[in-house]
$ cat work29.cif   # mmCIF, C-alpha atoms
data_query
#
loop_
_atom_site.label_atom_id
_atom_site.label_comp_id
_atom_site.auth_asym_id
_atom_site.auth_seq_id
_atom_site.Cartn_x
_atom_site.Cartn_y
_atom_site.Cartn_z
CA MET A 28 117.66 153.05 77.38
CA ARG A 29 120.05 153.04 80.34
CA ALA A 30 122.75 150.38 80.36
CA VAL A 31 126.37 149.63 81.19
CA ARG A 32 128.62 150.06 78.15
CA PHE A 33 131.92 148.23 77.90
CA ARG A 34 134.70 149.48 75.61
CA ASP A 35 138.49 149.57 75.77
CA GLY A 36 138.55 147.91 79.18
CA GLU A 37 136.19 150.44 80.79
CA PHE A 38 132.63 150.28 82.05
CA THR A 39 130.45 153.38 81.82
CA VAL A 40 126.78 153.85 82.65
CA GLY A 41 124.51 155.92 80.44
CA ASP A 42 122.02 155.92 77.62
CA VAL A 43 122.64 153.54 74.71
CA PRO A 44 120.96 153.25 71.31
CA ASP A 45 117.68 151.35 71.50
CA LEU A 46 117.51 147.70 70.64
CA PRO A 47 116.43 146.46 67.20
CA ALA A 48 112.68 146.21 66.72
CA THR A 49 111.18 143.04 68.13
CA GLY A 50 111.16 140.79 65.09
CA PRO A 51 109.17 137.69 64.18
CA GLY A 52 109.70 134.96 66.74
CA GLN A 53 111.22 137.36 69.25
CA VAL A 54 110.21 138.97 72.54
CA ARG A 55 111.33 142.12 74.31
CA ILE A 56 112.00 141.73 78.03
CA ALA A 57 112.37 144.26 80.82
CA VAL A 58 115.39 142.97 82.71
CA ALA A 59 114.93 142.26 86.42
CA ALA A 60 118.33 140.67 87.02
CA CYS A 61 121.32 139.21 85.21
CA GLY A 62 124.29 137.23 86.49
CA ILE A 63 127.89 138.06 85.65
CA CYS A 64 129.28 135.11 83.71
CA GLY A 65 132.85 133.89 83.46
CA SER A 66 132.72 134.63 79.74
CA ASP A 67 131.88 138.24 80.57
CA LEU A 68 135.01 138.32 82.72
CA SER A 69 137.00 136.97 79.76
CA VAL A 70 135.71 139.79 77.55
CA SER A 71 136.57 142.37 80.19
CA LYS A 72 140.13 141.06 80.42
CA ASP A 73 140.82 141.08 76.69
CA ALA A 74 137.93 141.70 74.31
CA CYS A 75 140.17 141.58 71.25
CA ARG A 76 141.46 138.13 72.15
CA PHE A 77 137.92 136.93 72.88
CA VAL A 78 136.76 137.97 69.39
CA GLU A 79 139.95 136.70 67.73
CA VAL A 80 139.40 133.22 69.17
CA ALA A 81 135.70 133.22 68.27
CA ARG A 82 136.48 134.15 64.67
CA ALA A 83 139.35 131.67 64.35
CA GLY A 84 137.05 128.97 65.71
CA GLY A 85 134.28 129.79 63.25
CA TYR A 86 131.89 130.75 66.04
CA PRO A 87 129.80 133.74 64.85
CA LEU A 88 127.59 133.67 67.94
CA ALA A 89 130.28 135.56 69.87
CA GLU A 90 131.68 137.90 67.20
CA PHE A 91 131.48 141.67 67.62
CA ASP A 92 133.57 144.75 66.95
CA PRO A 93 135.65 145.31 70.11
CA ALA A 94 136.41 148.87 69.03
CA ARG A 95 132.73 149.72 69.53
CA PRO A 96 130.77 149.55 72.80
CA VAL A 97 128.89 146.44 73.87
CA VAL A 98 126.43 145.86 76.71
CA LEU A 99 127.36 142.53 78.29
CA GLY A 100 125.13 140.08 80.18
CA HIS A 101 123.20 136.98 79.07
CA GLU A 102 122.17 135.19 82.33
CA TYR A 103 118.89 137.10 82.45
CA ALA A 104 115.44 137.02 83.98
CA GLY A 105 112.68 139.56 83.56
CA VAL A 106 109.18 140.37 82.33
CA ILE A 107 107.97 140.33 78.73
CA THR A 108 106.93 143.76 77.47
CA GLU A 109 106.47 143.08 73.75
CA ILE A 110 105.70 140.08 71.54
CA GLY A 111 106.93 139.64 67.98
CA ALA A 112 104.91 138.21 65.13
CA GLY A 113 104.32 134.48 65.31
CA VAL A 114 104.96 134.17 69.05
CA THR A 115 102.02 132.32 70.59
CA ASP A 116 103.51 130.72 73.70
CA PHE A 117 103.98 133.95 75.68
CA ALA A 118 102.06 137.06 76.65
CA VAL A 119 103.03 140.53 77.80
CA GLY A 120 103.59 140.39 81.55
CA ASP A 121 104.97 136.84 81.66
CA ARG A 122 107.88 136.31 84.03
CA VAL A 123 110.62 134.61 82.04
CA ALA A 124 114.24 133.52 81.87
CA GLY A 125 116.21 131.62 79.28
CA ILE A 126 119.17 131.31 76.95
CA GLY A 127 120.20 134.72 75.61
CA LEU A 128 120.19 134.23 71.84
CA ALA A 129 118.86 136.62 69.20
CA THR A 130 118.86 136.13 65.44
CA GLU A 131 120.31 139.04 63.51
CA SER A 132 117.56 140.21 61.16
CA ASP A 133 119.91 141.20 58.33
CA THR A 134 122.03 138.03 58.32
CA GLY A 135 119.84 135.33 59.84
CA ILE A 136 122.77 134.39 62.07
CA PRO A 137 122.08 133.96 65.79
CA THR A 138 124.17 135.88 68.28
CA ILE A 139 124.61 135.67 72.02
CA ILE A 140 123.18 138.87 73.45
CA GLY A 141 125.95 140.98 74.91
CA TYR A 142 128.47 139.65 72.40
CA SER A 143 126.93 141.84 69.74
CA ASN A 144 127.15 145.54 69.03
CA THR A 145 123.45 145.51 68.10
CA TYR A 146 121.70 143.14 70.48
CA HIS A 147 122.57 144.53 73.89
CA GLY A 148 122.98 142.19 76.82
CA ALA A 149 121.11 142.33 80.10
CA PHE A 150 123.36 144.78 81.96
CA GLY A 151 120.73 147.25 80.87
CA GLU A 152 117.03 147.89 81.14
CA ALA A 153 115.81 145.70 78.27
CA ILE A 154 116.79 142.93 75.87
CA VAL A 155 115.36 141.36 72.70
CA VAL A 156 115.77 137.58 72.36
CA ASP A 157 114.43 134.70 70.29
CA ALA A 158 111.35 133.27 72.01
CA PHE A 159 112.42 129.70 71.22
CA TRP A 160 114.99 129.88 74.02
CA VAL A 161 112.72 131.55 76.59
CA ARG A 162 110.95 129.80 79.46
CA ARG A 163 108.30 130.92 81.93
CA VAL A 164 109.57 131.23 85.48
CA PRO A 165 107.43 129.18 87.89
CA ASP A 166 105.48 131.19 90.46
CA THR A 167 107.47 129.57 93.27
CA LEU A 168 110.77 130.95 91.92
CA SER A 169 112.02 134.52 92.18
CA LEU A 170 113.46 136.21 89.11
CA ASP A 171 116.78 136.65 90.93
CA HIS A 172 117.02 132.92 91.51
CA ALA A 173 115.83 132.13 87.97
CA THR A 174 118.98 133.77 86.53
CA LEU A 175 120.97 130.83 87.91
CA ALA A 176 119.31 128.36 85.56
CA GLU A 177 121.54 129.51 82.70
CA PRO A 178 124.97 128.90 84.27
CA LEU A 179 123.87 125.87 86.30
CA HIS A 180 122.36 124.11 83.28
CA VAL A 181 125.84 123.88 81.75
CA GLY A 182 126.66 121.29 84.41
CA GLU A 183 123.54 119.27 83.62
CA MET A 184 124.29 119.39 79.90
CA HIS A 185 127.87 118.17 80.31
CA VAL A 186 127.01 115.45 82.81
CA GLN A 187 124.54 114.07 80.29
CA GLN A 188 127.14 114.30 77.52
CA SER A 189 129.72 112.51 79.67
CA GLN A 190 127.40 109.49 79.94
CA LEU A 191 127.94 109.22 83.69
CA THR A 192 126.32 106.16 85.26
CA PRO A 193 125.63 105.32 88.92
CA ALA A 194 128.75 103.13 88.87
CA ASP A 195 130.93 106.13 88.01
CA SER A 196 132.40 108.82 90.23
CA ALA A 197 132.75 112.52 89.44
CA LEU A 198 135.72 114.79 90.08
CA VAL A 199 134.69 118.44 89.73
CA ILE A 200 137.63 120.83 89.35
CA GLY A 201 136.69 124.43 90.08
CA CYS A 202 133.53 125.27 92.02
CA GLY A 203 132.28 128.47 90.48
CA THR A 204 128.68 128.42 89.32
CA ILE A 205 129.35 126.03 86.44
CA GLY A 206 131.26 123.65 88.71
CA LEU A 207 128.47 123.80 91.28
CA GLY A 208 126.04 122.93 88.48
CA ALA A 209 128.18 119.90 87.65
CA ILE A 210 128.08 118.79 91.29
CA VAL A 211 124.29 119.11 91.40
CA ALA A 212 123.90 117.21 88.14
CA ALA A 213 126.36 114.44 89.03
CA ARG A 214 124.58 113.90 92.31
CA ALA A 215 121.16 113.91 90.59
CA HIS A 216 122.37 111.32 88.06
CA GLY A 217 123.45 109.02 90.87
CA ALA A 218 127.25 109.31 90.81
CA LYS A 219 128.80 106.88 93.28
CA ARG A 220 131.07 109.58 94.69
CA VAL A 221 131.43 113.27 93.97
CA ILE A 222 134.82 114.84 94.74
CA ALA A 223 135.26 118.60 94.41
CA SER A 224 138.53 120.52 94.19
CA GLU A 225 138.50 124.27 94.82
CA PRO A 226 140.99 126.73 96.38
CA SER A 227 138.36 129.21 97.65
CA PRO A 228 137.03 128.37 101.15
CA ARG A 229 133.63 129.90 100.40
CA ARG A 230 133.23 127.90 97.22
CA ARG A 231 134.32 124.72 98.99
CA GLU A 232 131.52 125.27 101.51
CA LEU A 233 129.03 125.61 98.68
CA ALA A 234 130.35 122.48 96.98
CA ALA A 235 129.63 120.48 100.13
CA LEU A 236 126.23 122.13 100.55
CA LEU A 237 125.20 121.20 97.01
CA GLY A 238 126.18 117.56 97.22
CA ALA A 239 129.91 116.89 97.01
CA ASP A 240 130.94 113.95 99.20
CA ILE A 241 134.54 115.10 99.56
CA VAL A 242 135.84 118.63 99.06
CA VAL A 243 139.55 119.38 98.92
CA ASP A 244 141.78 122.40 98.70
CA PRO A 245 144.18 121.55 95.84
CA ALA A 246 146.93 123.45 97.65
CA ASP A 247 146.75 120.84 100.43
CA GLN A 248 145.56 117.67 98.71
CA ASP A 249 145.70 116.32 95.19
CA PRO A 250 142.11 115.25 94.43
CA ILE A 251 143.26 112.35 92.27
CA ASP A 252 145.39 111.08 95.16
CA VAL A 253 142.24 111.31 97.28
CA TRP A 254 140.44 109.17 94.69
CA HIS A 255 143.19 106.54 94.78
CA THR A 256 143.04 106.48 98.55
CA LEU A 257 139.27 105.99 98.51
CA ILE A 258 139.16 102.91 96.34
CA ALA A 259 141.22 99.83 95.58
CA GLU A 260 142.03 100.34 91.91
CA ASP A 261 144.19 98.56 89.40
CA PRO A 262 146.30 101.50 88.11
CA VAL A 263 146.40 100.14 84.56
CA VAL A 264 142.89 98.87 84.00
CA GLY A 265 141.20 101.55 86.09
CA ALA A 266 138.09 99.44 86.63
CA ALA A 267 137.08 100.63 90.09
CA GLU A 268 133.93 98.95 91.36
CA GLY A 269 132.74 98.54 87.78
CA GLY A 270 132.76 102.27 87.08
CA ILE A 271 135.22 104.95 86.06
CA LEU A 272 136.31 108.38 87.26
CA ILE A 273 135.06 111.30 85.15
CA ALA A 274 136.73 114.68 85.64
CA TYR A 275 134.61 117.76 85.01
CA GLU A 276 137.09 120.54 84.30
CA CYS A 277 135.37 123.78 85.37
CA SER A 278 138.32 125.95 86.35
CA GLY A 279 139.69 127.07 82.99
CA ARG A 280 143.13 127.13 84.60
CA ALA A 281 146.06 127.21 82.21
CA GLY A 282 147.80 123.83 82.01
CA ILE A 283 145.10 121.85 83.81
CA LEU A 284 144.12 119.75 80.79
CA ASN A 285 147.67 118.53 80.24
CA GLU A 286 147.99 117.79 83.96
CA LEU A 287 144.79 115.75 83.94
CA THR A 288 145.86 113.65 80.94
CA HIS A 289 148.96 112.66 82.92
CA ARG A 290 147.22 112.10 86.26
CA MET A 291 143.77 110.68 85.60
CA PRO A 292 143.37 106.89 85.91
CA PHE A 293 143.60 104.70 82.85
CA ASN A 294 140.28 104.40 80.97
CA SER A 295 138.86 107.53 82.56
CA ARG A 296 137.21 110.56 80.95
CA ILE A 297 137.72 114.31 81.04
CA GLN A 298 134.74 116.54 80.33
CA VAL A 299 135.77 120.15 79.66
CA LEU A 300 133.17 122.71 80.76
CA ALA A 301 135.39 125.80 81.12
CA ALA A 302 138.15 126.39 78.61
CA GLY A 303 140.74 129.14 78.41
CA PHE A 304 141.42 131.51 75.53
CA ALA A 305 145.21 131.11 75.46
CA ALA A 306 147.07 128.51 73.41
CA GLU A 307 148.35 125.60 75.51
CA SER A 308 150.67 122.64 75.14
CA LEU A 309 149.35 119.09 75.27
CA THR A 310 151.20 115.84 74.62
CA PRO A 311 148.56 113.93 72.63
CA VAL A 312 150.12 110.51 73.03
CA VAL A 313 149.76 110.62 76.82
CA PRO A 314 145.94 110.37 76.90
CA GLN A 315 146.23 107.83 74.10
CA PHE A 316 148.62 105.73 76.21
CA ARG A 317 146.27 106.00 79.16
CA ARG A 318 143.10 105.51 77.07
CA ILE A 319 141.57 108.73 78.39
CA ALA A 320 138.68 110.26 76.47
CA VAL A 321 138.55 114.07 76.39
CA ASN A 322 135.23 115.70 75.52
CA PHE A 323 134.81 119.43 74.97
CA GLY A 324 131.03 119.28 74.64
CA HIS A 325 130.13 116.62 72.10
CA GLY A 326 127.16 114.34 72.61
CA ASP A 327 123.43 114.26 73.12
CA TYR A 328 121.62 115.98 75.94
CA ARG A 329 117.97 116.74 76.60
CA ASP A 330 116.13 119.51 78.44
CA ALA A 331 119.17 120.58 80.47
CA TYR A 332 117.86 124.12 81.00
CA ASP A 333 114.32 123.00 81.84
CA ILE A 334 115.58 120.38 84.28
CA THR A 335 117.72 122.97 86.04
CA LEU A 336 114.93 125.53 86.18
CA GLY A 337 112.73 122.85 87.75
CA ARG A 338 115.35 122.05 90.39
CA LEU A 339 115.56 125.72 91.32
CA ALA A 340 111.77 126.02 91.51
CA SER A 341 111.51 122.93 93.72
CA GLY A 342 114.04 124.32 96.18
CA SER A 343 116.42 121.39 95.77
CA ILE A 344 119.17 123.90 94.95
CA ASP A 345 119.94 126.56 97.56
CA ALA A 346 119.94 129.45 95.09
CA GLU A 347 120.38 132.21 97.64
CA ALA A 348 123.59 130.61 98.90
CA ILE A 349 125.09 130.85 95.40
CA ILE A 350 124.22 134.54 95.00
CA THR A 351 126.90 136.39 96.93
CA GLY A 352 126.21 139.92 95.78
CA ARG A 353 123.73 142.22 94.05
CA VAL A 354 124.56 145.52 92.38
CA GLY A 355 122.81 148.12 90.28
CA LEU A 356 124.20 149.34 86.99
CA ASP A 357 126.46 151.78 88.81
CA GLY A 358 128.09 148.89 90.68
CA VAL A 359 129.04 146.73 87.69
CA ARG A 360 132.63 147.93 87.42
CA ASP A 361 133.38 147.15 91.06
CA ALA A 362 131.60 143.79 90.77
CA PHE A 363 133.89 142.73 87.92
CA THR A 364 136.90 143.76 89.98
CA ALA A 365 135.66 141.67 92.92
CA LEU A 366 135.07 138.59 90.76
CA ARG A 367 138.64 138.63 89.44
CA SER A 368 139.72 137.63 92.96
CA PRO A 369 136.94 135.19 93.80
CA GLU A 370 137.66 134.62 97.48
CA GLU A 371 134.40 136.22 98.61
CA HIS A 372 132.09 135.80 95.66
CA VAL A 373 130.50 133.13 93.50
CA LYS A 374 127.69 134.82 91.58
CA ILE A 375 127.00 138.54 91.54
CA LEU A 376 123.70 139.68 90.05
CA VAL A 377 123.22 142.95 88.21
CA ARG A 378 119.78 144.43 88.88
CA PRO A 379 119.15 147.41 86.57
CA GLY A 380 116.44 148.79 88.84
CA LEU A 381 118.49 148.58 92.02
CA ASP A 382 120.01 152.05 91.64
CA ALA A 383 116.54 153.59 91.81
CA GLU A 384 115.36 151.58 94.82
#

$ encode --input "work29.cif" --output "structure tokens"
Amino acid sequence: MRAVRFRDGEFTVGDVPDLPATGPGQVRIAVAACGICGSDLSVSKDACRFVEVARAGGYPLAEFDPARPVVLGHEYAGVITEIGAGVTDFAVGDRVAGIGLATESDTGIPTIIGYSNTYHGAFGEAIVVDAFWVRRVPDTLSLDHATLAEPLHVGEMHVQQSQLTPADSALVIGCGTIGLGAIVAARAHGAKRVIASEPSPRRRELAALLGADIVVDPADQDPIDVWHTLIAEDPVVGAAEGGILIAYECSGRAGILNELTHRMPFNSRIQVLAAGFAAESLTPVVPQFRRIAVNFGHGDYRDAYDITLGRLASGSIDAEAIITGRVGLDGVRDAFTALRSPEEHVKILVRPGLDAE
């Protein structure tokens, strides 16, 4: 099987060992396309640190041996080529997308495909995943566009967890794909105002296109100052028009969480969607003084992926505007380089068959 191997900071294209046999409850999928995720970028910057943090945090879904090659990629879409025992909801030939999880047969522990030395990710010709997390792609939706359901659904999930109401306003910090998903979700849940903060001009344009009321360049305007200008707010109580301001931190920028705890209004919330891998300083008493709740992903949510897939299929999200590049396997290395300076790109898709077209 042809795929892109990553090891010791280098990408190489070639044949890799075949995937494990399709086990009970699993399906094998011929990959049509896969998005490059921010987590993939984190692995490419420092795979050892990525694994160290996963292990220290007791998160086996992202543990692998960084001294051995991995095939990254979990934002997939493709066509089912094989069905494991007990799978009754799918058939060979179904067009599908989903969450890239596979249960290791020898341990019974699930792993995120691509963050495993055994279950290759979708920067290759095929993947094996647990069918529970797979969904059919509606006929109205291309497989390229279906890959966006995975990163965009993170925004829907966190907006639900944040308990945003129509009286509340959303401040989205960082407008990569996850931030754009938060904008879409906040707007869909009826947020009174949606403010987006993003240094990249291209991403600011997309933020406005997908529903942000106000978009600022943080180098020119402090978005929280913009919020204070917009509304008459008691700076202590923070009860603006009966609602609160909820910040959706999607940048992963070092120091941003501490900044937000000092700057957000009293009685506000911070929902963390993108978190860094480096240790940071935080003064815990500050958010306690200001009665600010910080949520890293706790709380109920329902059908976030299915809702997002439906939005893409309906055309309510301009998927093609988010996709700013497509490469074959031979172009993966250059695509990662481009995404480290995200002035021109938002989402680059890897299409394993593109090299042959």

$ resolve_selection --input "work29.cif" --expression "the PyMOL selection byres ((chain A and resi 224) around 12)" --output "PyMOL selection string"
chain A and resi 197-203+206-207+210+221-223+225-228+230-235+239-254+274-278

$ residues_near_point --input "work29.cif" --point "(128.4, 146.1, 89.6)" --cutoff "12 Å" --atoms "all atoms listed in the file" --output "MDAnalysis selection string"
chainID A and resid 30:31 38:40 60:63 99:100 150:151 352:366 374:379 381:382

$ resolve_selection --input "work29.cif" --expression "the PyMOL selection byres ((chain A and resi 170) around 9)" --output "MDAnalysis selection string"
chainID A and resid 59:60 103:105 122:124 164 168:169 171:174

$ axis_aligned_box --input "work29.cif" --around "segment 299-303 of chain A" --padding-each-side "5 Å" --output "JSON"
{"center_x": 137.0, "center_y": 124.6, "center_z": 79.8, "size_x": 17.6, "size_y": 19.0, "size_z": 12.7}

$ residues_around --input "work29.cif" --residues "Arg317 of chain A" --least-positions-apart "5" --cutoff "8 Å" --atoms "only C-alpha atoms" --output "number ranges by chain"
A: 263, 288, 292-294

$ resolve_selection --input "work29.cif" --expression "the PyMOL selection byres ((chain A and resi 86-91) around 6)" --output "VMD selection string"
chain A and resid 78 81 to 82 84 to 85 92 137 to 139 142 to 144

$ write_last_selection --input "work29.cif" --atoms "C-alpha atoms" --output "PDB file, keeping the file's coordinate frame"
ATOM      1  CA  VAL A  78     136.760 137.970  69.390  1.00  0.00           C
ATOM      2  CA  ALA A  81     135.700 133.220  68.270  1.00  0.00           C
ATOM      3  CA  ARG A  82     136.480 134.150  64.670  1.00  0.00           C
ATOM      4  CA  GLY A  84     137.050 128.970  65.710  1.00  0.00           C
ATOM      5  CA  GLY A  85     134.280 129.790  63.250  1.00  0.00           C
ATOM      6  CA  ASP A  92     133.570 144.750  66.950  1.00  0.00           C
ATOM      7  CA  PRO A 137     122.080 133.960  65.790  1.00  0.00           C
ATOM      8  CA  THR A 138     124.170 135.880  68.280  1.00  0.00           C
ATOM      9  CA  ILE A 139     124.610 135.670  72.020  1.00  0.00           C
ATOM     10  CA  TYR A 142     128.470 139.650  72.400  1.00  0.00           C
ATOM     11  CA  SER A 143     126.930 141.840  69.740  1.00  0.00           C
ATOM     12  CA  ASN A 144     127.150 145.540  69.030  1.00  0.00           C
TER      13      ASN A 144
END

$ closest_residue --input "work29.cif" --among "A:Ala153, A:Leu309, A:Gly182, A:Val106" --to "Val119 of chain A" --atoms "only C-alpha atoms"
A:Val106

$ atom_distance --input "work29.cif" --atom1 "atom CA of Val155 of chain A" --atom2 "atom CA of Asp67 of chain A"
18.6 Å

$ atom_distance --input "work29.cif" --atom1 "atom CA of Gln187 of chain A" --atom2 "atom CA of Arg280 of chain A"
23.1 Å

$ atom_distance --input "work29.cif" --atom1 "atom CA of Ala301 of chain A" --atom2 "atom CA of Ile205 of chain A"
8.1 Å

$ residues_around --input "work29.cif" --residues "Ile110 of chain A" --least-positions-apart "2" --cutoff "9 Å" --atoms "all atoms listed in the file" --output "list of chain:residue names"
A:Thr49, A:Gly50, A:Pro51, A:Gly52, A:Gln53, A:Val54, A:Arg55, A:Ile107, A:Thr108, A:Ala112, A:Gly113, A:Val114, A:Thr115, A:Phe117, A:Ala118, A:Val119, A:Ala158

$ decode --input "work29.cif" --residues "segment 136-145 of chain A" --atoms "all heavy atoms" --output "PDB file, in the first residue's frame"
ATOM      1  N   ILE A 136      -8.036  -1.442  23.106  1.00  0.00           N
ATOM      2  CA  ILE A 136      -7.976   0.003  23.340  1.00  0.00           C
ATOM      3  C   ILE A 136      -8.137   0.731  22.004  1.00  0.00           C
ATOM      4  O   ILE A 136      -7.447   0.407  21.036  1.00  0.00           O
ATOM      5  CB  ILE A 136      -6.642   0.393  23.990  1.00  0.00           C
ATOM      6  CG1 ILE A 136      -6.515  -0.261  25.367  1.00  0.00           C
ATOM      7  CG2 ILE A 136      -6.517   1.911  24.112  1.00  0.00           C
ATOM      8  CD1 ILE A 136      -5.168  -0.039  26.029  1.00  0.00           C
ATOM      9  N   PRO A 137      -9.026   1.705  21.938  1.00  0.00           N
ATOM     10  CA  PRO A 137      -9.172   2.464  20.690  1.00  0.00           C
ATOM     11  C   PRO A 137      -7.990   3.387  20.459  1.00  0.00           C
ATOM     12  O   PRO A 137      -7.340   3.842  21.417  1.00  0.00           O
ATOM     13  CB  PRO A 137     -10.465   3.259  20.897  1.00  0.00           C
ATOM     14  CG  PRO A 137     -10.593   3.395  22.377  1.00  0.00           C
ATOM     15  CD  PRO A 137      -9.995   2.145  22.961  1.00  0.00           C
ATOM     16  N   THR A 138      -7.697   3.647  19.216  1.00  0.00           N
ATOM     17  CA  THR A 138      -6.624   4.555  18.847  1.00  0.00           C
ATOM     18  C   THR A 138      -7.116   5.465  17.738  1.00  0.00           C
ATOM     19  O   THR A 138      -7.997   5.086  16.952  1.00  0.00           O
ATOM     20  CB  THR A 138      -5.375   3.786  18.384  1.00  0.00           C
ATOM     21  OG1 THR A 138      -4.312   4.698  18.128  1.00  0.00           O
ATOM     22  CG2 THR A 138      -5.645   2.994  17.115  1.00  0.00           C
ATOM     23  N   ILE A 139      -6.598   6.661  17.686  1.00  0.00           N
ATOM     24  CA  ILE A 139      -6.882   7.554  16.567  1.00  0.00           C
ATOM     25  C   ILE A 139      -5.989   7.129  15.418  1.00  0.00           C
ATOM     26  O   ILE A 139      -4.771   7.043  15.568  1.00  0.00           O
ATOM     27  CB  ILE A 139      -6.603   9.016  16.942  1.00  0.00           C
ATOM     28  CG1 ILE A 139      -7.458   9.434  18.139  1.00  0.00           C
ATOM     29  CG2 ILE A 139      -6.881   9.940  15.746  1.00  0.00           C
ATOM     30  CD1 ILE A 139      -7.083  10.794  18.711  1.00  0.00           C
ATOM     31  N   ILE A 140      -6.574   6.816  14.275  1.00  0.00           N
ATOM     32  CA  ILE A 140      -5.762   6.393  13.142  1.00  0.00           C
ATOM     33  C   ILE A 140      -4.760   7.499  12.815  1.00  0.00           C
ATOM     34  O   ILE A 140      -5.054   8.677  12.910  1.00  0.00           O
ATOM     35  CB  ILE A 140      -6.614   6.037  11.911  1.00  0.00           C
ATOM     36  CG1 ILE A 140      -7.428   7.252  11.430  1.00  0.00           C
ATOM     37  CG2 ILE A 140      -7.530   4.860  12.193  1.00  0.00           C
ATOM     38  CD1 ILE A 140      -8.092   7.055  10.071  1.00  0.00           C
ATOM     39  N   GLY A 141      -3.561   7.088  12.466  1.00  0.00           N
ATOM     40  CA  GLY A 141      -2.499   8.056  12.220  1.00  0.00           C
ATOM     41  C   GLY A 141      -1.627   8.298  13.428  1.00  0.00           C
ATOM     42  O   GLY A 141      -0.439   8.595  13.291  1.00  0.00           O
ATOM     43  N   TYR A 142      -2.193   8.141  14.626  1.00  0.00           N
ATOM     44  CA  TYR A 142      -1.409   8.233  15.856  1.00  0.00           C
ATOM     45  C   TYR A 142      -1.210   6.828  16.402  1.00  0.00           C
ATOM     46  O   TYR A 142      -1.408   6.544  17.590  1.00  0.00           O
ATOM     47  CB  TYR A 142      -2.080   9.153  16.870  1.00  0.00           C
ATOM     48  CG  TYR A 142      -2.372  10.536  16.314  1.00  0.00           C
ATOM     49  CD1 TYR A 142      -3.498  11.248  16.684  1.00  0.00           C
ATOM     50  CD2 TYR A 142      -1.513  11.111  15.381  1.00  0.00           C
ATOM     51  CE1 TYR A 142      -3.763  12.507  16.160  1.00  0.00           C
ATOM     52  CE2 TYR A 142      -1.769  12.362  14.845  1.00  0.00           C
ATOM     53  CZ  TYR A 142      -2.898  13.053  15.238  1.00  0.00           C
ATOM     54  OH  TYR A 142      -3.157  14.294  14.698  1.00  0.00           O
ATOM     55  N   SER A 143      -0.846   5.945  15.500  1.00  0.00           N
ATOM     56  CA  SER A 143      -0.642   4.535  15.772  1.00  0.00           C
ATOM     57  C   SER A 143       0.384   4.024  14.781  1.00  0.00           C
ATOM     58  O   SER A 143       0.370   4.422  13.608  1.00  0.00           O
ATOM     59  CB  SER A 143      -1.966   3.769  15.619  1.00  0.00           C
ATOM     60  OG  SER A 143      -1.743   2.380  15.513  1.00  0.00           O
ATOM     61  N   ASN A 144       1.255   3.159  15.231  1.00  0.00           N
ATOM     62  CA  ASN A 144       2.212   2.547  14.309  1.00  0.00           C
ATOM     63  C   ASN A 144       1.589   1.400  13.527  1.00  0.00           C
ATOM     64  O   ASN A 144       2.185   0.897  12.575  1.00  0.00           O
ATOM     65  CB  ASN A 144       3.433   2.031  15.068  1.00  0.00           C
ATOM     66  CG  ASN A 144       4.159   3.123  15.836  1.00  0.00           C
ATOM     67  OD1 ASN A 144       4.053   3.198  17.057  1.00  0.00           O
ATOM     68  ND2 ASN A 144       4.872   3.981  15.127  1.00  0.00           N
ATOM     69  N   THR A 145       0.382   0.993  13.908  1.00  0.00           N
ATOM     70  CA  THR A 145      -0.287  -0.140  13.274  1.00  0.00           C
ATOM     71  C   THR A 145      -1.424   0.296  12.371  1.00  0.00           C
ATOM     72  O   THR A 145      -1.518  -0.139  11.218  1.00  0.00           O
ATOM     73  CB  THR A 145      -0.821  -1.107  14.352  1.00  0.00           C
ATOM     74  OG1 THR A 145       0.246  -1.496  15.215  1.00  0.00           O
ATOM     75  CG2 THR A 145      -1.434  -2.345  13.712  1.00  0.00           C
TER      76      THR A 145
END
